[in-house]
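**Student:** The structure's right below; bear with me while I get my questions together.
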Amino acid sequence: GNPDEVYQIRECLDTGAPFGNFSVHSMTEALQSFLSNLSSPVVPSSLFPTLDIDAQNIQSFARKFLEDMPPIQYNVFIYTVSFFREVLSHRQGNRLSPAKIARICCTCLVSSAQGNGEEGAESLPKKRGNMQQIMLHFLETNSI
């Protein structure tokens, strides 16, 4: 996005001023920056799936993931998934796919700094991959 537009978007959010005609890229960057810089991530590291996720167990992992999420993070997560489902309903125009959005979500909803020492750092890519599978599941199904 355009840095000047991102700054103007932040000003609109902070002051309540009406939004101008900003590019979708600038709006996306502002949202991604906001979510990435929260004091605590939307998805706590304790909720990262530790086992491989496949078609047989995705449903149970997704259900447990939502049940274990703290209420505030749960609400933000559900709102974000709902928003991105709406974005996907316009995929003809925006050329986004569920997989791409799942990758973006894992970048901004999950903190990369959340690891438990060496073991946490080594397993973080695998856990993030599993989180992408969960995000993809939520984006592609109609139920939460």
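Chain labels follow the order of the structure tokens: the first chain is A, the next B, and so on; residue numbering restarts at 1 in every chain, and ligands are counted from 1 in their shown order.
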Please tabulate, as CSV, the residues of region 4-48 of chain A that come within 10 Å of region 73-80 of chain A, each with its closest pair of atoms and the distance in Å to one decimal, counting only C-alpha atoms and ordering rows by chain, then residue number upward.

**Tutor:**
```
residue,atom,partner,partner_atom,distance
A:Leu35,CA,A:Val76,CA,9.7
A:Ser40,CA,A:Gln73,CA,9.2
A:Pro41,CA,A:Gln73,CA,8.1
A:Val42,CA,A:Gln73,CA,5.1
A:Val43,CA,A:Gln73,CA,6.9
A:Pro44,CA,A:Gln73,CA,8.5
```

**Student:** Tell me which protein, DNA and RNA residues are within 12 Å of Phe138 (chain A), counting only C-alpha atoms, leaving out same-chain ones fewer than 2 positions away, and put them as a ChimeraX atom specification.

**Tutor:** /A:58-59,61-63,65-66,77-85,98-99,101-102,105,131-136,140-144

**Student:** Keeping only C-alpha atoms, take the residues you just selected and write them out as an mmCIF file, in the first residue's frame.

**Tutor:**
```cif
data_model
loop_
_atom_site.group_PDB
_atom_site.id
_atom_site.type_symbol
_atom_site.label_atom_id
_atom_site.label_comp_id
_atom_site.auth_asym_id
_atom_site.auth_seq_id
_atom_site.Cartn_x
_atom_site.Cartn_y
_atom_site.Cartn_z
ATOM 1 C CA ILE A 58 -9.729 -30.974 11.069
ATOM 2 C CA GLN A 59 -13.303 -30.732 12.361
ATOM 3 C CA PHE A 61 -9.297 -29.480 15.937
ATOM 4 C CA ALA A 62 -11.339 -26.512 14.692
ATOM 5 C CA ARG A 63 -14.039 -27.062 17.319
ATOM 6 C CA PHE A 65 -9.620 -24.330 18.855
ATOM 7 C CA LEU A 66 -12.746 -22.163 19.147
ATOM 8 C CA PHE A 77 -11.302 -14.109 15.308
ATOM 9 C CA ILE A 78 -14.945 -14.707 14.330
ATOM 10 C CA TYR A 79 -15.335 -11.150 13.054
ATOM 11 C CA THR A 80 -12.105 -11.432 11.027
ATOM 12 C CA VAL A 81 -13.133 -14.771 9.491
ATOM 13 C CA SER A 82 -16.565 -13.334 8.629
ATOM 14 C CA PHE A 83 -14.933 -10.307 7.017
ATOM 15 C CA PHE A 84 -12.600 -12.452 4.917
ATOM 16 C CA ARG A 85 -15.486 -14.695 3.858
ATOM 17 C CA PRO A 98 -8.873 -18.961 0.559
ATOM 18 C CA ALA A 99 -5.285 -20.254 0.715
ATOM 19 C CA ILE A 101 -6.090 -15.271 2.859
ATOM 20 C CA ALA A 102 -5.239 -18.111 5.277
ATOM 21 C CA CYS A 105 -4.252 -14.345 8.493
ATOM 22 C CA MET A 131 -2.857 -22.914 11.791
ATOM 23 C CA GLN A 132 -3.131 -22.196 8.065
ATOM 24 C CA GLN A 133 -5.062 -25.445 7.677
ATOM 25 C CA ILE A 134 -7.453 -24.386 10.438
ATOM 26 C CA MET A 135 -7.874 -20.918 8.889
ATOM 27 C CA LEU A 136 -8.517 -22.487 5.501
ATOM 28 C CA GLU A 140 -14.128 -22.590 3.252
ATOM 29 C CA THR A 141 -16.946 -23.814 5.505
ATOM 30 C CA ASN A 142 -20.149 -21.986 6.326
ATOM 31 C CA SER A 143 -20.229 -22.875 9.985
ATOM 32 C CA ILE A 144 -18.215 -21.629 12.884
#
```

**Student:** Report the distance between CA of Pro70 (chain A) and CA of Asp54 (chain A) in Å, rounded to one decimal place.

**Tutor:** 24.9 Å

**Student:** Please give the complete set of residues from chain A that DSSP, run on the backbone, assigns to helix (DSSP H, G or I), formatted as JSON, numbers by chain.

**Tutor:** {"A": [3, 4, 5, 6, 7, 8, 9, 10, 11, 12, 13, 14, 15, 24, 25, 26, 27, 28, 29, 30, 31, 32, 33, 34, 35, 36, 45, 46, 47, 58, 59, 60, 61, 62, 63, 64, 65, 66, 67, 68, 71, 72, 73, 74, 75, 76, 77, 78, 79, 80, 81, 82, 83, 84, 85, 86, 87, 88, 91, 92, 93, 94, 98, 99, 100, 101, 102, 103, 104, 105, 106, 107, 108, 109, 117, 118, 119, 120, 121, 122, 123, 124, 125, 126, 127, 128, 129, 130, 131, 132, 133, 134, 135, 136, 137, 138, 139, 140]}

**Student:** Do you know which residues are at most 9 Å from Lys127 (chain A) counting only C-alpha atoms, after dropping those on the same chain fewer than 3 positions away, and could you put them as a PyMOL selection string?

**Tutor:** chain A and resi 48-52+123-124+130-132

**Student:** Write to file, as a tab-separated table (two decimals), in the first residue's frame, the residues of the selection just made, with all heavy atoms.

**Tutor:**
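Saved file again10.tsv follows:
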```tsv
chain	number	residue	atom	x	y	z
A	48	PHE	N	-2.00	-23.18	19.30
A	48	PHE	CA	-1.42	-23.73	18.08
A	48	PHE	C	-1.60	-25.24	18.09
A	48	PHE	O	-1.28	-25.89	19.09
A	48	PHE	CB	0.07	-23.45	17.99
A	48	PHE	CG	0.45	-22.03	17.68
A	48	PHE	CD1	-0.46	-21.00	17.71
A	48	PHE	CD2	1.76	-21.74	17.36
A	48	PHE	CE1	-0.08	-19.70	17.44
A	48	PHE	CE2	2.15	-20.44	17.08
A	48	PHE	CZ	1.22	-19.43	17.12
A	49	PRO	N	-2.08	-25.81	17.01
A	49	PRO	CA	-2.17	-27.27	16.96
A	49	PRO	C	-0.77	-27.89	16.97
A	49	PRO	O	0.13	-27.39	16.31
A	49	PRO	CB	-2.87	-27.55	15.64
A	49	PRO	CG	-3.03	-26.25	14.95
A	49	PRO	CD	-2.56	-25.16	15.83
A	50	THR	N	-0.62	-28.94	17.75
A	50	THR	CA	0.70	-29.57	17.87
A	50	THR	C	0.82	-30.84	17.03
A	50	THR	O	1.91	-31.32	16.81
A	50	THR	CB	1.00	-29.91	19.34
A	50	THR	OG1	-0.07	-30.70	19.85
A	50	THR	CG2	1.16	-28.65	20.16
A	51	LEU	N	-0.30	-31.38	16.59
A	51	LEU	CA	-0.28	-32.58	15.76
A	51	LEU	C	-0.60	-32.21	14.32
A	51	LEU	O	-1.18	-31.16	14.06
A	51	LEU	CB	-1.32	-33.59	16.26
A	51	LEU	CG	-1.18	-34.02	17.72
A	51	LEU	CD1	-2.38	-34.85	18.14
A	51	LEU	CD2	0.11	-34.79	17.91
A	52	ASP	N	-0.25	-33.09	13.40
A	52	ASP	CA	-0.59	-32.84	12.00
A	52	ASP	C	-2.10	-32.84	11.83
A	52	ASP	O	-2.81	-33.65	12.44
A	52	ASP	CB	0.03	-33.91	11.09
A	52	ASP	CG	1.52	-33.69	10.90
A	52	ASP	OD1	1.96	-32.53	11.05
A	52	ASP	OD2	2.22	-34.66	10.58
A	123	SER	N	9.59	-25.76	16.15
A	123	SER	CA	8.29	-26.28	15.73
A	123	SER	C	7.35	-25.19	15.24
A	123	SER	O	6.26	-25.49	14.75
A	123	SER	CB	7.64	-27.04	16.88
A	123	SER	OG	7.40	-26.16	17.96
A	124	LEU	N	7.75	-23.91	15.32
A	124	LEU	CA	6.86	-22.83	14.92
A	124	LEU	C	6.41	-22.94	13.46
A	124	LEU	O	5.21	-22.79	13.20
A	124	LEU	CB	7.51	-21.47	15.19
A	124	LEU	CG	6.60	-20.26	14.99
A	124	LEU	CD1	5.42	-20.30	15.95
A	124	LEU	CD2	7.38	-18.97	15.17
A	130	ASN	N	-0.08	-25.75	10.42
A	130	ASN	CA	-1.33	-26.31	10.95
A	130	ASN	C	-2.37	-25.22	11.16
A	130	ASN	O	-3.56	-25.42	10.90
A	130	ASN	CB	-1.07	-27.05	12.26
A	130	ASN	CG	-0.36	-28.38	12.04
A	130	ASN	OD1	-0.41	-28.96	10.96
A	130	ASN	ND2	0.31	-28.85	13.07
A	131	MET	N	-1.92	-24.03	11.62
A	131	MET	CA	-2.86	-22.91	11.79
A	131	MET	C	-3.44	-22.50	10.44
A	131	MET	O	-4.61	-22.14	10.35
A	131	MET	CB	-2.15	-21.72	12.44
A	131	MET	CG	-2.16	-21.72	13.95
A	131	MET	SD	-3.80	-21.87	14.69
A	131	MET	CE	-4.71	-20.56	13.91
A	132	GLN	N	-2.62	-22.53	9.40
A	132	GLN	CA	-3.13	-22.20	8.07
A	132	GLN	C	-4.22	-23.18	7.66
A	132	GLN	O	-5.22	-22.78	7.06
A	132	GLN	CB	-2.00	-22.19	7.03
A	132	GLN	CG	-1.15	-20.95	7.10
A	132	GLN	CD	-0.11	-20.90	6.00
A	132	GLN	OE1	0.01	-21.79	5.17
A	132	GLN	NE2	0.67	-19.84	6.01
```

**Student:** I'd like the contact shell of region 23-27 of chain A - 12 Å cut-off, only C-alpha atoms, skipping same-chain residues fewer than 6 positions apart - returned as a list in words.

**Tutor:** Gly1, Asn2, Pro3, Asp4, Glu5, Val6, Tyr7, Gln8, Ile9, Arg10, Cys12, Leu13, Ser33, Phe34, Val87, Gly93 and Asn94 of chain A

**Student:** Measuring atom to atom with only C-alpha atoms, identify which of A:Leu139, A:Cys106, A:Leu31, A:Leu47 is nearest to Met69 (chain A).

**Tutor:**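 That would be A:Leu47, the residue with the smallest distance to Met69 (chain A).
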
**Student:** How far is it from CA of Leu88 (chain A) to CA of Thr15 (chain A), in Å with one decimal?

**Tutor:** 29.5 Å

**Student:** Find the distance between CA of Asn37 (chain A) and CA of Arg91 (chain A) and write it in Å to one decimal.

**Tutor:**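 Taking CA of Asn37 (chain A) and CA of Arg91 (chain A), their separation equals 27.1 Å.
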